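Enquirer: mmCIF, C-alpha atoms, file my_file31.cif:
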data_run
loop_
_atom_site.label_atom_id
_atom_site.label_comp_id
_atom_site.auth_asym_id
_atom_site.auth_seq_id
_atom_site.Cartn_x
_atom_site.Cartn_y
_atom_site.Cartn_z
CA MET J 1 0.00 0.00 0.00
CA ALA J 2 1.42 3.33 -1.02
CA PRO J 3 2.17 5.79 1.79
CA PRO J 4 -0.20 8.77 2.03
CA PRO J 5 0.97 11.91 0.30
CA ALA J 6 2.92 14.32 2.48
CA MET J 7 0.81 17.06 3.99
CA LYS J 8 1.64 20.53 2.76
CA PRO J 9 1.90 23.13 5.48
CA ALA J 10 -0.94 25.62 5.54
CA SER J 11 -0.06 28.75 3.66
CA ARG J 12 0.56 31.80 5.80
CA LYS J 13 0.16 35.36 4.78
CA ARG J 14 3.50 37.06 4.79
CA GLY J 15 3.95 40.74 5.33
CA PRO J 16 6.38 42.87 3.39
CA PRO J 17 10.01 41.86 3.80
CA ALA J 18 11.83 43.51 6.68
CA PRO J 19 14.04 46.38 5.61
CA ASP J 20 17.74 45.77 5.57
CA PRO J 21 19.44 47.04 8.72
CA VAL J 22 21.21 50.34 8.36
CA GLU J 23 24.95 49.84 8.53
CA LEU J 24 27.14 52.73 9.59
CA PRO J 25 30.61 52.99 8.14
CA PRO J 26 33.28 51.98 10.68
CA PRO J 27 35.24 54.88 12.20
CA GLY J 28 38.43 53.62 10.57
CA PHE J 29 41.93 53.01 11.87
CA VAL J 30 45.33 54.44 10.97
CA ALA J 31 47.57 51.37 11.05
CA ASP J 32 50.73 53.33 10.27
CA ARG J 33 51.67 54.48 13.77
CA ALA J 34 54.27 56.95 12.53
CA GLU J 35 51.54 58.60 10.45
CA ALA J 36 49.14 58.60 13.44
CA ALA J 37 51.73 60.38 15.58
CA ALA J 38 52.54 62.81 12.78
CA ARG J 39 48.86 63.75 12.44
CA VAL J 40 48.66 64.68 16.12
CA GLU J 41 51.88 66.70 15.94
CA ARG J 42 50.63 68.55 12.87
CA LEU J 43 47.32 69.21 14.58
CA LEU J 44 48.98 70.58 17.72
CA ARG J 45 51.94 72.18 15.92
CA TYR J 46 54.04 70.56 18.60
CA GLN J 47 56.85 68.00 18.27
CA PHE J 48 57.11 65.50 21.12
CA ARG J 49 60.49 64.95 22.73
CA ASP J 50 59.33 61.53 23.95
CA GLY J 51 57.26 59.82 21.28
CA ARG J 52 56.34 57.02 23.66
CA LEU J 53 54.03 59.39 25.53
CA LEU J 54 51.99 60.00 22.39
CA GLU J 55 51.81 56.30 21.54
CA GLU J 56 50.60 55.63 25.08
CA ALA J 57 47.96 58.36 24.70
CA LEU J 58 46.71 56.66 21.52
CA THR J 59 46.34 53.15 22.99
CA HIS J 60 43.08 51.81 24.43
CA GLN J 61 43.12 49.17 27.16
CA SER J 62 41.39 46.69 24.80
CA PHE J 63 44.29 46.71 22.33
CA ALA J 64 46.62 44.16 23.94
CA ASP J 65 47.40 42.82 27.38
CA ASP J 66 51.07 43.80 27.15
CA ALA J 67 50.46 47.34 25.82
CA VAL J 68 50.43 50.40 28.09
CA SER J 69 47.07 52.15 27.68
CA TYR J 70 46.18 55.82 28.05
CA GLN J 71 44.52 55.39 31.46
CA ARG J 72 47.31 56.96 33.54
CA LEU J 73 47.66 59.87 31.12
CA GLU J 74 43.91 60.39 31.05
CA PHE J 75 44.00 60.72 34.86
CA VAL J 76 46.62 63.48 34.59
CA GLY J 77 44.93 65.17 31.63
CA ASP J 78 41.61 65.46 33.44
CA SER J 79 43.24 67.47 36.24
CA ALA J 80 45.59 69.46 34.01
CA LEU J 81 42.80 70.65 31.70
CA GLY J 82 40.68 71.52 34.73
CA LEU J 83 43.46 73.73 36.10
CA ALA J 84 44.24 75.26 32.70
CA PHE J 85 40.60 76.22 32.17
CA SER J 86 40.40 77.54 35.75
CA ASN J 87 43.28 79.93 35.03
CA PHE J 88 41.81 81.02 31.69
CA LEU J 89 38.29 81.60 33.02
CA TYR J 90 39.56 83.43 36.10
CA LEU J 91 41.57 85.86 33.97
CA THR J 92 38.91 86.44 31.31
CA ASN J 93 35.90 86.79 33.65
CA PRO J 94 36.97 89.23 36.40
CA THR J 95 33.39 89.87 37.58
CA LEU J 96 32.23 86.24 37.86
CA GLY J 97 32.06 84.49 41.23
CA PRO J 98 33.22 80.95 42.01
CA GLY J 99 29.84 79.36 41.23
CA PRO J 100 29.53 80.60 37.63
CA LEU J 101 33.25 80.00 37.06
CA SER J 102 32.87 76.38 38.19
CA THR J 103 29.89 75.95 35.88
CA LEU J 104 31.85 77.30 32.90
CA ARG J 105 34.84 75.07 33.68
CA ALA J 106 32.66 71.98 33.98
CA ALA J 107 30.90 72.80 30.70
CA ASN J 108 34.16 73.17 28.78
CA ILE J 109 35.73 69.93 30.02
CA SER J 110 32.57 67.82 30.14
CA THR J 111 32.54 64.45 28.41
CA GLU J 112 30.05 65.77 25.86
CA LYS J 113 32.20 68.79 24.96
CA LEU J 114 35.51 66.90 24.79
CA ALA J 115 33.95 64.08 22.78
CA ARG J 116 32.94 66.60 20.14
CA VAL J 117 36.51 67.92 20.12
CA ALA J 118 37.66 64.39 19.30
CA VAL J 119 35.09 64.08 16.50
CA ARG J 120 35.90 67.49 15.03
CA HIS J 121 39.60 66.66 14.80
CA ASP J 122 39.10 63.01 13.75
CA LEU J 123 41.09 61.56 16.66
CA TYR J 124 39.35 58.21 17.12
CA PRO J 125 40.88 56.55 14.00
CA LEU J 126 44.31 57.25 15.53
CA LEU J 127 43.50 55.10 18.60
CA ARG J 128 44.86 51.54 18.82
CA ARG J 129 41.97 49.38 20.07
CA ASN J 130 40.34 45.97 19.69
CA CYS J 131 36.69 46.47 20.57
CA PRO J 132 34.04 46.26 17.80
CA ARG J 133 31.32 47.29 20.26
CA LEU J 134 33.21 50.51 20.98
CA ASP J 135 33.56 51.18 17.25
CA LEU J 136 29.79 50.83 16.86
CA LEU J 137 29.00 53.27 19.66
CA VAL J 138 31.53 55.81 18.44
CA GLY J 139 30.30 55.47 14.85
CA GLN J 140 26.72 56.20 15.94
CA PHE J 141 27.84 59.23 17.91
CA ILE J 142 29.93 60.59 15.04
CA GLU J 143 26.95 60.41 12.67
CA THR J 144 24.79 62.20 15.23
CA VAL J 145 27.29 65.00 15.78
CA LYS J 146 27.44 65.62 12.03
CA GLN J 147 23.74 66.58 12.18
CA GLU J 148 24.16 69.09 15.01
CA PRO J 149 24.31 72.86 14.36
CA GLU J 150 27.97 73.84 14.56
CA ASP J 151 27.33 77.18 16.29
CA ASP J 152 24.83 76.07 18.94
CA LEU J 153 26.69 75.06 22.08
CA GLY J 154 23.72 75.31 24.43
CA THR J 155 23.00 71.59 24.59
CA VAL J 156 26.59 70.38 24.47
CA PRO J 157 27.72 70.27 28.15
CA TYR J 158 24.88 68.03 29.31
CA GLY J 159 24.21 65.79 26.32
CA GLY J 160 23.11 66.19 22.74
CA SER J 161 19.61 65.60 21.46
CA VAL J 162 19.94 61.95 20.39
CA VAL J 163 23.01 59.96 21.53
CA LYS J 164 25.11 60.24 24.68
CA ALA J 165 28.81 60.74 24.06
CA PRO J 166 31.06 57.66 24.52
CA LYS J 167 33.57 58.46 27.26
CA VAL J 168 36.44 57.02 25.20
CA LEU J 169 36.36 60.10 22.95
CA ALA J 170 36.84 62.49 25.86
CA ASP J 171 39.54 60.17 27.24
CA ILE J 172 41.56 60.51 24.02
CA VAL J 173 41.54 64.31 24.27
CA GLU J 174 42.55 64.24 27.94
CA ALA J 175 45.31 61.69 27.28
CA ILE J 176 46.78 63.71 24.40
CA ALA J 177 46.70 66.85 26.56
CA ALA J 178 48.46 64.95 29.34
CA ALA J 179 51.10 63.68 26.92
CA VAL J 180 51.90 67.28 26.01
CA TYR J 181 51.87 68.30 29.69
CA VAL J 182 54.30 65.57 30.73
CA ASP J 183 56.47 66.03 27.64
CA CYS J 184 56.94 69.77 28.36
CA LYS J 185 57.92 69.06 31.97
CA PHE J 186 54.51 69.93 33.45
CA ASP J 187 54.51 73.48 32.09
CA LEU J 188 50.84 74.48 32.40
CA GLU J 189 51.26 77.66 30.34
CA LYS J 190 52.85 75.66 27.52
CA LEU J 191 50.05 73.08 27.68
CA TRP J 192 47.42 75.81 27.27
CA LYS J 193 49.32 77.48 24.44
CA VAL J 194 49.56 74.19 22.52
CA THR J 195 46.07 72.80 23.11
CA ARG J 196 43.79 75.78 23.75
CA TRP J 197 42.59 76.19 20.15
CA LEU J 198 41.43 72.56 20.04
CA PHE J 199 38.55 73.50 22.36
CA GLU J 200 37.24 76.36 20.25
CA PRO J 201 34.57 77.55 20.36
CA ILE J 202 35.02 77.84 24.14
CA ILE J 203 31.75 77.99 26.06
CA THR J 204 31.39 81.42 27.67
CA ALA J 205 29.01 83.07 30.10
CA GLU J 206 27.06 84.37 27.08
CA THR J 207 26.73 81.01 25.32
CA ILE J 208 26.18 78.52 28.14
CA ASP J 209 22.79 77.13 29.08
CA GLU J 210 22.12 75.91 32.58
CA GLN J 211 21.55 72.19 33.19
CA PRO J 212 18.06 71.77 31.67
CA VAL J 213 16.52 69.64 34.43
CA THR J 214 17.91 71.86 37.20
CA MET J 215 16.79 74.99 35.36
CA LEU J 216 13.26 73.60 34.97
CA HIS J 217 12.94 72.73 38.68
CA GLU J 218 14.24 76.16 39.72
CA LEU J 219 11.80 77.89 37.35
CA CYS J 220 8.89 75.91 38.77
CA GLN J 221 9.93 76.48 42.39
CA LYS J 222 9.91 80.25 41.90
CA HIS J 223 6.20 80.00 41.14
CA GLY J 224 5.30 77.38 43.73
CA LYS J 225 4.91 74.61 41.15
CA MET J 226 6.41 71.16 40.74
CA ALA J 227 7.59 69.48 37.55
CA GLN J 228 6.81 65.79 37.11
CA PHE J 229 8.48 63.50 34.57
CA LYS J 230 6.63 60.49 33.17
CA THR J 231 8.48 57.97 31.01
CA TRP J 232 7.15 55.42 28.54
CA GLN J 233 8.42 53.35 25.63
CA LYS J 234 7.37 53.64 22.01
CA GLY J 235 8.89 51.44 19.32
CA GLY J 236 12.29 51.17 20.95
CA MET J 237 12.38 54.87 21.83
CA THR J 238 12.09 56.32 25.32
CA VAL J 239 9.56 59.15 25.49
CA VAL J 240 9.46 61.52 28.47
CA ASN J 241 6.56 63.87 29.18
CA VAL J 242 6.84 66.82 31.58
CA PHE J 243 3.78 67.94 33.54
CA VAL J 244 3.44 71.12 35.59
CA ALA J 245 0.24 71.62 37.58
CA GLY J 246 -1.27 68.68 35.68
CA GLU J 247 -0.63 70.24 32.27
CA LEU J 248 1.66 68.73 29.64
CA VAL J 249 4.38 71.33 28.98
CA GLY J 250 7.24 69.36 27.43
CA ILE J 251 8.03 66.23 25.42
CA GLY J 252 11.39 64.60 24.67
CA SER J 253 12.46 61.34 23.08
CA SER J 254 15.61 59.35 22.45
CA GLU J 255 16.88 55.79 22.48
CA GLN J 256 18.54 56.67 25.79
CA LYS J 257 16.48 57.63 28.82
CA VAL J 258 18.89 60.28 30.09
CA ILE J 259 18.89 62.11 26.74
CA ALA J 260 15.10 61.85 26.45
CA LYS J 261 14.74 63.48 29.88
CA LEU J 262 17.13 66.29 28.92
CA ASN J 263 15.21 66.92 25.69
CA ALA J 264 11.89 67.02 27.56
CA ALA J 265 13.30 69.43 30.17
CA ARG J 266 14.65 71.72 27.43
CA ASP J 267 11.29 71.70 25.66
CA ALA J 268 9.37 72.48 28.86
CA THR J 269 11.78 75.22 29.99
CA ARG J 270 11.66 76.90 26.59
CA LYS J 271 7.86 76.94 26.57
CA LEU J 272 7.49 78.08 30.19
CA ALA J 273 10.13 80.81 29.80
CA GLY J 274 8.47 81.98 26.59
CA ALA J 275 5.09 82.21 28.32
CA LYS J 276 6.63 84.55 30.91
CA LYS J 277 8.60 86.76 28.50
CA GLN J 278 5.82 88.05 26.26
CA VAL J 279 7.09 91.21 24.63
CA LEU J 280 4.98 91.11 21.48
CA THR J 281 1.50 89.83 22.37
CA THR J 282 -1.23 88.71 19.99
CA GLY J 283 -3.62 91.56 19.21
CA VAL J 284 -1.27 94.42 20.12
CA GLY J 285 -0.54 97.25 17.68
CA ASN J 286 -1.02 96.22 14.05
CA GLY J 287 -2.04 92.70 14.92
CA LEU J 288 1.52 91.49 15.28
CA GLY J 289 1.63 88.18 17.07
CA ASP J 290 4.06 86.03 19.00
CA GLU J 291 6.52 86.90 21.72
CA ILE J 292 10.18 87.74 21.43
CA GLY J 293 11.19 84.81 23.61
CA GLU J 294 14.81 84.01 24.36
CA LEU J 295 17.58 86.11 22.83
CA ARG J 296 18.79 83.34 20.54
CA GLU J 297 15.30 83.10 18.95
CA CYS J 298 14.91 86.80 18.13
CA LYS J 299 16.31 86.78 14.59
CA GLN J 300 13.96 83.97 13.64
CA LYS J 301 11.01 85.76 15.32
CA LEU J 302 11.79 88.98 13.46
CA ASN J 303 11.94 87.18 10.11
CA GLU J 304 8.60 85.52 10.86
CA GLN J 305 7.01 88.88 11.72
CA CYS J 306 8.30 90.46 8.52
CA SER J 307 7.02 87.52 6.47
CA ARG J 308 3.54 87.76 8.01
CA GLN J 309 3.35 91.50 7.32
CA ASN J 310 4.82 91.16 3.80
CA TRP J 311 7.75 93.37 4.81
CA PRO J 312 11.22 92.89 3.32
CA LYS J 313 13.42 90.73 5.50
CA PRO J 314 15.93 92.71 7.59
CA ILE J 315 19.57 92.91 6.55
CA PHE J 316 22.20 92.31 9.24
CA LYS J 317 25.57 94.03 9.01
CA LEU J 318 28.64 93.69 11.26
CA GLU J 319 29.44 97.21 12.45
CA LYS J 320 32.27 96.66 14.94
CA GLU J 321 34.67 93.93 16.07
CA ASP J 322 36.71 94.77 19.17
CA GLY J 323 38.93 93.10 21.75
CA ALA J 324 41.63 90.47 21.98
CA ALA J 325 40.97 86.99 20.58
CA HIS J 326 39.81 85.60 23.93
CA GLU J 327 37.41 88.48 24.63
CA ARG J 328 36.33 89.64 21.16
CA LYS J 329 32.97 91.43 20.92
CA PHE J 330 30.78 91.92 17.85
CA VAL J 331 28.14 94.60 17.17
CA GLU J 332 25.52 94.11 14.46
CA THR J 333 22.89 96.41 12.95
CA ALA J 334 19.52 95.23 11.64
CA LYS J 335 18.17 97.28 8.73
CA GLY J 336 14.59 97.05 7.57
CA ASN J 337 11.80 99.59 8.04
CA PHE J 338 13.92 100.71 11.01
CA VAL J 339 17.61 100.58 11.90
CA THR J 340 18.68 99.15 15.25
CA ILE J 341 22.10 98.44 16.77
CA GLY J 342 22.60 95.36 18.93
CA ASP J 343 24.62 95.06 22.12
CA PRO J 344 28.26 93.87 21.98
CA MET J 345 28.35 90.08 22.07
CA SER J 346 31.11 87.45 21.95
CA ARG J 347 29.45 85.61 19.04
CA VAL J 348 28.25 87.05 15.74
CA LYS J 349 25.07 84.99 16.00
CA ASP J 350 24.25 86.51 19.41
CA SER J 351 24.94 90.05 18.19
CA GLU J 352 22.51 89.50 15.30
CA ASN J 353 19.86 88.27 17.73
CA SER J 354 20.48 91.31 19.94
CA ALA J 355 19.91 93.66 17.00
CA ALA J 356 16.78 91.70 16.08
CA GLN J 357 15.49 91.93 19.65
CA LYS J 358 15.82 95.72 19.62
CA MET J 359 13.99 95.92 16.29
CA LEU J 360 11.15 93.81 17.70
CA GLU J 361 10.91 96.25 20.61
CA VAL J 362 10.70 99.16 18.15
CA ILE J 363 7.93 97.43 16.19
CA LEU J 364 5.96 96.98 19.41
CA LYS J 365 6.01 100.73 20.06
CA PHE J 366 4.50 101.42 16.65
#
Could you express the structure from this file as structure tokens?
Expert:
Amino acid sequence: MAPPPAMKPASRKRGPPAPDPVELPPPGFVADRAEAAARVERLLRYQFRDGRLLEEALTHQSFADDAVSYQRLEFVGDSALGLAFSNFLYLTNPTLGPGPLSTLRAANISTEKLARVAVRHDLYPLLRRNCPRLDLLVGQFIETVKQEPEDDLGTVPYGGSVVKAPKVLADIVEAIAAAVYVDCKFDLEKLWKVTRWLFEPIITAETIDEQPVTMLHELCQKHGKMAQFKTWQKGGMTVVNVFVAGELVGIGSSEQKVIAKLNAARDATRKLAGAKKQVLTTGVGNGLGDEIGELRECKQKLNEQCSRQNWPKPIFKLEKEDGAAHERKFVETAKGNFVTIGDPMSRVKDSENSAAQKMLEVILKF
């Protein structure tokens, strides 16, 4: 008797094929160690007396058991950069007290800031390492940093908007700084002269934002309110909502919870601060709407007002540039239906916003 025919499995409806995973290009590696050292020396415009210090600074602990890693140098570099920035900030900010000076120092040597220094100067490919997982994390961060506005430092000290900085990137910068410091016989002035420009643009009292979560809590406390954070997951992303007095005032999201919370706090603080600082109010004057808001938003607000009223967009012109390199100030004028002159600022972008703010105030009067 013939065996029964084999049963065919029941057909199943198949959805569309899953998309191919996105593959990021690896960060790369400079195998020629003489070339790696030469790149650093060209970058710093400094020739090492002891080349072994630089090779040590460019070696991760994962590379080999018998290789000396950068860990000891990173320990020295952390302290040396802290002292170098302390000296610089003390001399360039004679009216600031110890609290604001400490905040500025921490912002300029934070992991987030130094990691971006490493990305900007392409230092990671110079590092000897043997850790594919580290390459993946650094590659993701590098791609994220490429999408960030180059002139907006407000979010840098406490974390970007998407991915937290891998500490290894900041370690490389600190280790290279320490290699210079040890090589020049612990001459702090020489260290600052050689490395200072790597950290440009330096975060100043005019460009720094306070820690977003702390700033939000302080803002709420002044008005007898309390901010509450509620976290939930959505498709692999962490979403954080901020509530004040039962009202949703801020939303932030990221794959990492800490970054999502920072984004939500920034969103809430911006909205709450804007609600308090209404300079142009809907229905005032010629029907002009919106508020001026924070200084760094004024140029955008002015352009929006001009567009709504079918006015020509204002033209910004640099009128004056004064001061030494470390304390340079810029003054801009905004020319449209009126002419206004902004306050002296350490960044061109801020001076433009200052001129725009003054023009918005003029529009309000009319």
Enquirer: Hey, can you pull every residue with an atom no more than 12 Å from (12.1, 54.0, 22.5), using only C-alpha atoms, and send it as a list in words?
Expert: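 The requested residues, written out, are Val162, Thr231, Trp232, Gln233, Lys234, Gly235, Gly236, Met237, Thr238, Val239, Val240, Gly252, Ser253, Ser254, Glu255, Gln256, Lys257, Val258, Ile259 and Ala260 of chain J.
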Enquirer: Counting only C-alpha atoms, write as a list of chain:residue names all protein and nucleic acid residues lying at most 9 Å from (40.9, 56.2, 27.9) in the file's frame.
Expert: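 Answer for this query, in the requested form: J:Ala57, J:Leu58, J:Thr59, J:His60, J:Gln61, J:Ser69, J:Tyr70, J:Gln71, J:Arg72, J:Leu73, J:Glu74, J:Phe75, J:Lys167, J:Val168, J:Leu169, J:Ala170, J:Asp171, J:Ile172, J:Val173, J:Glu174, J:Ala175.
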Enquirer: Could you please determine the separation between CA of Thr214 in chain J and CA of Pro94 in chain J in Å, to one decimal place?
Expert: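 Separation of CA of Thr214 in chain J and CA of Pro94 in chain J: 25.8 Å.
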Enquirer: Determine the residue membership of the PyMOL selection byres ((chain J and resi 51) around 12) for the file above and supply it as a list in words.
Expert: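 This file, filtered by the PyMOL selection byres ((chain J and resi 51) around 12), leaves Arg33, Ala34, Ala36, Ala37, Ala38, Val40, Glu41, Tyr46, Gln47, Phe48, Arg49, Asp50, Arg52, Leu53, Leu54, Glu55, Glu56, Ala57, Leu58, Ile176, Ala179, Val180, Val182 and Asp183 of chain J.
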Enquirer: Check the smallest atom-to-atom distance from each of J:Arg45, J:Leu360, J:Val119, J:Asp350 to Pro314 in chain J using only C-alpha atoms, then report the winner.
Expert: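 Checking each candidate against Pro314 in chain J, we get J:Leu360 as the closest.
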Enquirer: Could you please determine the separation between CA of Gly99 in chain J and CA of Thr195 in chain J in Å, to one decimal place?
Expert: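 Separation between CA of Gly99 in chain J and CA of Thr195 in chain J: 25.2 Å.
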Enquirer: Using only C-alpha atoms, which residues sit within 12 Å of His217 in chain J once same-chain residues fewer than 2 positions away are excluded, as a list in words?
Expert: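 Once the nearby chain positions are removed, what remains is Glu210, Gln211, Pro212, Val213, Thr214, Met215, Leu219, Cys220, Gln221, Lys222, His223, Gly224, Lys225, Met226, Ala227, Gln228, Phe229, Val242, Phe243, Val244, Ala265, Arg266, Ala268, Thr269 and Leu272 of chain J.
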Enquirer: I'd like the interatomic distance between CA of Leu91 in chain J and CA of Ile202 in chain J, to a tenth of an Å.
Expert: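 Atom-to-atom, CA of Leu91 in chain J to CA of Ile202 in chain J, that is 14.3 Å.
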Enquirer: Compile the contact shell of Gln300 in chain J as a list in words: residues with an atom at most 9 Å away, counting only C-alpha atoms, same-chain residues fewer than 4 positions apart removed.
Expert: Arg296, Glu304, Gln305, Asn353 and Ala356 of chain J
Enquirer: Would you pull range 240-256 of chain J out of the block just shown and save N, CA and C atoms as an mmCIF file, in the first residue's frame?
Expert:
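For reference, selection-v6.cif as written:
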data_model
loop_
_atom_site.group_PDB
_atom_site.id
_atom_site.type_symbol
_atom_site.label_atom_id
_atom_site.label_comp_id
_atom_site.auth_asym_id
_atom_site.auth_seq_id
_atom_site.Cartn_x
_atom_site.Cartn_y
_atom_site.Cartn_z
ATOM 1 N N VAL J 240 9.647 60.911 27.162
ATOM 2 C CA VAL J 240 9.458 61.525 28.472
ATOM 3 C C VAL J 240 8.532 62.725 28.326
ATOM 4 N N ASN J 241 7.479 62.748 29.132
ATOM 5 C CA ASN J 241 6.559 63.873 29.184
ATOM 6 C C ASN J 241 6.791 64.651 30.472
ATOM 7 N N VAL J 242 6.702 65.968 30.412
ATOM 8 C CA VAL J 242 6.840 66.821 31.583
ATOM 9 C C VAL J 242 5.493 67.476 31.871
ATOM 10 N N PHE J 243 5.035 67.337 33.118
ATOM 11 C CA PHE J 243 3.780 67.938 33.538
ATOM 12 C C PHE J 243 4.044 68.958 34.637
ATOM 13 N N VAL J 244 3.405 70.105 34.540
ATOM 14 C CA VAL J 244 3.439 71.121 35.587
ATOM 15 C C VAL J 244 2.002 71.508 35.890
ATOM 16 N N ALA J 245 1.617 71.352 37.161
ATOM 17 C CA ALA J 245 0.239 71.619 37.582
ATOM 18 C C ALA J 245 -0.763 70.813 36.758
ATOM 19 N N GLY J 246 -0.386 69.566 36.417
ATOM 20 C CA GLY J 246 -1.268 68.682 35.685
ATOM 21 C C GLY J 246 -1.339 68.930 34.201
ATOM 22 N N GLU J 247 -0.592 69.906 33.696
ATOM 23 C CA GLU J 247 -0.627 70.239 32.275
ATOM 24 C C GLU J 247 0.658 69.779 31.590
ATOM 25 N N LEU J 248 0.516 69.171 30.415
ATOM 26 C CA LEU J 248 1.664 68.729 29.637
ATOM 27 C C LEU J 248 2.371 69.952 29.054
ATOM 28 N N VAL J 249 3.644 70.142 29.431
ATOM 29 C CA VAL J 249 4.379 71.329 28.976
ATOM 30 C C VAL J 249 5.634 70.990 28.193
ATOM 31 N N GLY J 250 6.020 69.708 28.146
ATOM 32 C CA GLY J 250 7.238 69.360 27.427
ATOM 33 C C GLY J 250 7.291 67.892 27.055
ATOM 34 N N ILE J 251 7.883 67.601 25.903
ATOM 35 C CA ILE J 251 8.033 66.226 25.423
ATOM 36 C C ILE J 251 9.448 66.052 24.891
ATOM 37 N N GLY J 252 10.070 64.921 25.210
ATOM 38 C CA GLY J 252 11.387 64.600 24.674
ATOM 39 C C GLY J 252 11.496 63.121 24.392
ATOM 40 N N SER J 253 12.309 62.753 23.411
ATOM 41 C CA SER J 253 12.459 61.340 23.076
ATOM 42 C C SER J 253 13.885 61.048 22.650
ATOM 43 N N SER J 254 14.301 59.826 22.862
ATOM 44 C CA SER J 254 15.615 59.353 22.449
ATOM 45 C C SER J 254 15.673 57.853 22.718
ATOM 46 N N GLU J 255 16.667 57.191 22.146
ATOM 47 C CA GLU J 255 16.876 55.789 22.480
ATOM 48 C C GLU J 255 17.412 55.647 23.902
ATOM 49 N N GLN J 256 17.977 56.711 24.443
ATOM 50 C CA GLN J 256 18.539 56.670 25.788
ATOM 51 C C GLN J 256 17.698 57.525 26.726
#
